[in-house]
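Here is the structure we will look at, set down as structure tokens.
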Amino acid sequence: MTQNPSPRRAYVETYGCQMNISDGELMEGILEAQGYQIVSTPDDADVVLVNTCAIREHAERRVLGRVAQLQGIKRERPEMVIGVTGCMAQRMGDTLLDEAPYVDLVMGPDGYRALPERLAEIRTGSRSKTGRPGDRAEPPPPSKKRMQLSVLSLDMDENYEGLEQRRTSSVAAWVPIQRGCDHRCTFCIVPYVRGPEKNRKPAEIVDEIRAIADGGVTEVTLLGQTVNSYEFDGWSFPRLLREVGRVSGIERVRYQSPHPNDVTPELVEVMATEPAVCENLHLPLQAGNDRTLKRMLRRYTVESFLEKVEMVRAGVPDITLSTDVIVAFPGETDEEYRGTLQVMRTVRFDDAFTYKYSPRDGTPATRLPEEQFIDPEEAQARLAELIEVHRGIQDEINRTEVGRIENVLVEKQARDPGSILGRTRRNKVVAFPGDPARIGDYATVELTSTTGATFGGVEVAAPAGVALP
Ligand code: F3S
């Protein structure tokens, strides 16, 4: 009797945004469906995939360092396949294969469906007929047993319908509803590495969320690069959001990342009236000055951004807001930068992700005159001041929230043994005494202290007859 060979083991290490994390789960799902065992360390894996981000130079350098480190394992086990996937793979393409000859596979975000076939080709050294035009296959050099493959074509139709992600969280699920981006913000690499916007069919999205709810997960986050520009056959994003919020078993719905221009009265109405849609919105500001916004090609002004904030707050009074901000965009004057600080003080975001501008080859902003690029020390000083201003505001807001009683979804064990960590509907993080067996449960928690950014709390009895925010 012949014995089944032991399954091949695959390890996927993901960097970058939630969309990329979701792609990592997709690759794991695709490999698992083909009999691979997913393992949690590269040490004993047959295939190691580093799923990368290209948004900032610093993130890329970090990943290149990590890939070089993996070469050490490959020296011990030359049969191990190293693949680099995701946005940096798409951006660097064949250059990556040339610079890192120990990498066997470079695959962009539209190539994952054929991942098992491409891996088999690398193993056997022969190409199947399913390679797409534009993909490169290098025959193995005499010194090497394997071919190198690059899979870099962007595919207007690839939405990964019909494929299952390997979801590892039993608490919350991230559901991509859109891939790519039709905007051309001049600082951003994403449209060049992920192609134009592609939206999934609403029926498939809702079916997937029904299956997620049937599996016991109660929170979903709809994902897209400009998620609220979603449109499919007469389905707008607000309509989809409403439908998702009504799936039986789903208690909380979030979405990420919206574009301010697509925050409409209809969307606010859905947020205000659908009980499952959480009172939290990420609204990327990027800059608080009209000339900079125009040069970033953000397609809104400070005034219209502030109007959106007002509209959202009028419709959902208890809403929390977070944002992204870039300082030291080429040509940003000190006065213009101070405009950003002013908007931060006006809006008072609950949370902010703050960055220095990072030039990305191929994006329009890199072609601005050299003298416009801001001195790194000045850029650092602007960032430090922005962070200080934001933290001060966040601390003030959170101190006023101590004493609130909130509905918390328990996500994981906290750093302190004996404590668990969860999130309120308004996306505030709370640690409180409790048993990790509660992960996935909802608890009623009084916020008793704050570090400025997060909260400590204690579980209390739910107030009778009161629906908690
Ligand atoms: Fe995300 Fe980074 Fe790509 S932020 S879309 S993984 S460039």
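In the structure tokens, chains take the letters A, B, ... in the order shown, each chain's residues start at 1, and ligands count up from 1 in the order shown.
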Counting only C-alpha atoms and all ligand atoms, which residues of chain A sit at most 6 Å from some atom of ligand 1, and what is each one's closest atom pair with its distance in Å to one decimal, listed by chain and rising residue number, as CSV?
residue,atom,partner,partner_atom_place_in_ligand_line,distance
A:Gly16,CA,ligand 1,6 (S),4.1
A:Cys17,CA,ligand 1,1 (Fe),4.1
A:Met19,CA,ligand 1,1 (Fe),5.8
A:Asn20,CA,ligand 1,6 (S),4.9
A:Cys53,CA,ligand 1,2 (Fe),3.6
A:Ala54,CA,ligand 1,7 (S),4.0
A:Ile55,CA,ligand 1,7 (S),4.1
A:Cys87,CA,ligand 1,3 (Fe),4.6
A:Val190,CA,ligand 1,7 (S),5.3
Residues within 12 Å of Met88 in chain A, only C-alpha atoms, excluding chain neighbours under 4 positions, as a PyMOL selection string: chain A and resi 14-16+20+50-64+83-84+92-96+106-109+152+189-190+192-194+360-361
Closest contacts (range 52-167 of chain A/range 211-231 of chain A, max 12 Å, only C-alpha atoms) as CSV:
residue,atom,partner,partner_atom,distance
A:Asn159,CA,A:Gly224,CA,11.8
A:Glu164,CA,A:Ala211,CA,11.0
A:Gln165,CA,A:Ile212,CA,11.0
A:Arg166,CA,A:Ile212,CA,11.6
A:Arg167,CA,A:Ile212,CA,9.4
Preceding selection exported with all heavy atoms as a PDB file, in the first residue's frame:
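Okay, this is what ended up in part25.pdb:
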ATOM      1  N   ASN A 159     -11.279  39.242  -8.873  1.00  0.00           N
ATOM      2  CA  ASN A 159     -11.827  39.674  -7.593  1.00  0.00           C
ATOM      3  C   ASN A 159     -11.775  38.551  -6.570  1.00  0.00           C
ATOM      4  O   ASN A 159     -12.307  38.665  -5.484  1.00  0.00           O
ATOM      5  CB  ASN A 159     -13.294  40.092  -7.775  1.00  0.00           C
ATOM      6  CG  ASN A 159     -13.434  41.593  -7.732  1.00  0.00           C
ATOM      7  OD1 ASN A 159     -12.611  42.256  -7.109  1.00  0.00           O
ATOM      8  ND2 ASN A 159     -14.454  42.113  -8.367  1.00  0.00           N
ATOM      9  N   GLU A 164     -11.915  30.780  -0.825  1.00  0.00           N
ATOM     10  CA  GLU A 164     -12.125  30.972   0.622  1.00  0.00           C
ATOM     11  C   GLU A 164     -10.869  31.502   1.289  1.00  0.00           C
ATOM     12  O   GLU A 164      -9.792  30.957   1.074  1.00  0.00           O
ATOM     13  CB  GLU A 164     -12.456  29.626   1.269  1.00  0.00           C
ATOM     14  CG  GLU A 164     -13.770  29.068   0.847  1.00  0.00           C
ATOM     15  CD  GLU A 164     -14.759  29.019   1.997  1.00  0.00           C
ATOM     16  OE1 GLU A 164     -14.309  29.003   3.153  1.00  0.00           O
ATOM     17  OE2 GLU A 164     -15.963  28.993   1.719  1.00  0.00           O
ATOM     18  N   GLN A 165     -11.023  32.551   2.103  1.00  0.00           N
ATOM     19  CA  GLN A 165      -9.909  32.988   2.939  1.00  0.00           C
ATOM     20  C   GLN A 165      -9.762  32.007   4.095  1.00  0.00           C
ATOM     21  O   GLN A 165     -10.738  31.387   4.491  1.00  0.00           O
ATOM     22  CB  GLN A 165     -10.201  34.358   3.531  1.00  0.00           C
ATOM     23  CG  GLN A 165      -9.948  35.503   2.580  1.00  0.00           C
ATOM     24  CD  GLN A 165     -10.448  36.804   3.173  1.00  0.00           C
ATOM     25  OE1 GLN A 165     -11.454  37.325   2.740  1.00  0.00           O
ATOM     26  NE2 GLN A 165      -9.754  37.335   4.161  1.00  0.00           N
ATOM     27  N   ARG A 166      -8.564  31.898   4.640  1.00  0.00           N
ATOM     28  CA  ARG A 166      -8.384  31.106   5.859  1.00  0.00           C
ATOM     29  C   ARG A 166      -8.495  32.090   7.024  1.00  0.00           C
ATOM     30  O   ARG A 166      -7.540  32.782   7.341  1.00  0.00           O
ATOM     31  CB  ARG A 166      -7.010  30.447   5.848  1.00  0.00           C
ATOM     32  CG  ARG A 166      -6.706  29.633   7.070  1.00  0.00           C
ATOM     33  CD  ARG A 166      -5.352  28.969   6.909  1.00  0.00           C
ATOM     34  NE  ARG A 166      -4.987  28.225   8.088  1.00  0.00           N
ATOM     35  CZ  ARG A 166      -4.221  28.708   9.067  1.00  0.00           C
ATOM     36  NH1 ARG A 166      -3.752  29.936   9.023  1.00  0.00           N
ATOM     37  NH2 ARG A 166      -3.933  27.956  10.103  1.00  0.00           N
ATOM     38  N   ARG A 167      -9.677  32.183   7.595  1.00  0.00           N
ATOM     39  CA  ARG A 167      -9.887  33.170   8.649  1.00  0.00           C
ATOM     40  C   ARG A 167      -9.399  32.601   9.968  1.00  0.00           C
ATOM     41  O   ARG A 167      -9.785  31.512  10.356  1.00  0.00           O
ATOM     42  CB  ARG A 167     -11.365  33.526   8.752  1.00  0.00           C
ATOM     43  CG  ARG A 167     -11.890  34.147   7.468  1.00  0.00           C
ATOM     44  CD  ARG A 167     -13.298  34.670   7.651  1.00  0.00           C
ATOM     45  NE  ARG A 167     -13.843  35.054   6.371  1.00  0.00           N
ATOM     46  CZ  ARG A 167     -13.601  36.210   5.767  1.00  0.00           C
ATOM     47  NH1 ARG A 167     -12.814  37.094   6.356  1.00  0.00           N
ATOM     48  NH2 ARG A 167     -14.130  36.482   4.602  1.00  0.00           N
TER      49      ARG A 167
END
Val47 in chain A surroundings by only C-alpha atoms, 12 Å radius, close-in-sequence under 2 positions cut, as a PyMOL selection string: chain A and resi 7-13+27-28+31+36-45+49-50+70+73-74+77-84+103-105+115-116+118-120+122-123
Please identify which residues in range 326-445 of chain A DSSP calls strand (DSSP E) from the backbone, and express them as an mmCIF file with C-alpha atoms, in the first residue's frame.
data_model
loop_
_atom_site.group_PDB
_atom_site.id
_atom_site.type_symbol
_atom_site.label_atom_id
_atom_site.label_comp_id
_atom_site.auth_asym_id
_atom_site.auth_seq_id
_atom_site.Cartn_x
_atom_site.Cartn_y
_atom_site.Cartn_z
ATOM 1 C CA ILE A 326 0.917 63.295 5.947
ATOM 2 C CA VAL A 327 3.296 66.134 6.841
ATOM 3 C CA ASP A 351 -7.348 58.778 16.714
ATOM 4 C CA ALA A 352 -4.827 59.717 14.041
ATOM 5 C CA PHE A 353 -2.243 57.864 11.975
ATOM 6 C CA THR A 354 0.475 60.364 11.210
ATOM 7 C CA TYR A 355 3.310 60.094 8.699
ATOM 8 C CA LYS A 356 6.099 61.998 7.032
ATOM 9 C CA ILE A 405 -20.562 52.290 30.312
ATOM 10 C CA GLU A 406 -19.865 50.557 27.022
ATOM 11 C CA ASN A 407 -20.619 47.381 25.154
ATOM 12 C CA VAL A 408 -17.238 45.675 24.546
ATOM 13 C CA LEU A 409 -16.447 42.812 22.190
ATOM 14 C CA VAL A 410 -13.653 40.780 23.789
ATOM 15 C CA GLU A 411 -10.825 40.231 21.287
ATOM 16 C CA LYS A 412 -7.875 38.746 23.126
ATOM 17 C CA GLN A 413 -5.927 38.306 26.318
ATOM 18 C CA SER A 419 -7.071 40.738 31.968
ATOM 19 C CA ILE A 420 -8.743 40.682 28.594
ATOM 20 C CA LEU A 421 -8.816 43.275 25.843
ATOM 21 C CA GLY A 422 -11.741 44.370 23.754
ATOM 22 C CA ARG A 423 -13.134 47.166 21.652
ATOM 23 C CA THR A 424 -16.193 49.347 22.074
ATOM 24 C CA VAL A 429 -9.691 49.767 23.249
ATOM 25 C CA VAL A 430 -10.409 48.639 26.822
ATOM 26 C CA ALA A 431 -8.558 46.210 29.098
ATOM 27 C CA PHE A 432 -10.447 44.750 32.056
ATOM 28 C CA PRO A 433 -10.177 41.794 34.427
ATOM 29 C CA TYR A 442 -19.766 40.863 24.569
ATOM 30 C CA ALA A 443 -19.334 42.439 27.991
ATOM 31 C CA THR A 444 -20.781 45.546 29.618
ATOM 32 C CA VAL A 445 -17.816 47.511 30.886
#
Arg113 in chain A surroundings by only C-alpha atoms, 9 Å radius, close-in-sequence under 6 positions cut, as number ranges by chain: A: 27, 30, 158, 160, 163
Could you please take those selected residues and save C-alpha atoms as a JSON list (two decimals), in the first residue's frame?
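The file below, again_18.json, is the result:
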[["chain", "number", "residue", "atom", "x", "y", "z"],
["A", 27, "MET", "CA", -3.28, 32.94, -0.01],
["A", 30, "ILE", "CA", -5.87, 28.91, -1.55],
["A", 158, "GLU", "CA", -9.75, 39.25, -10.73],
["A", 160, "TYR", "CA", -11.04, 36.26, -6.13],
["A", 163, "LEU", "CA", -12.14, 31.36, -3.15]]
Proximity to Lys201 in chain A - best of A:Cys188, A:Ile177, A:Val347, A:Ile319, only C-alpha atoms: A:Ile177
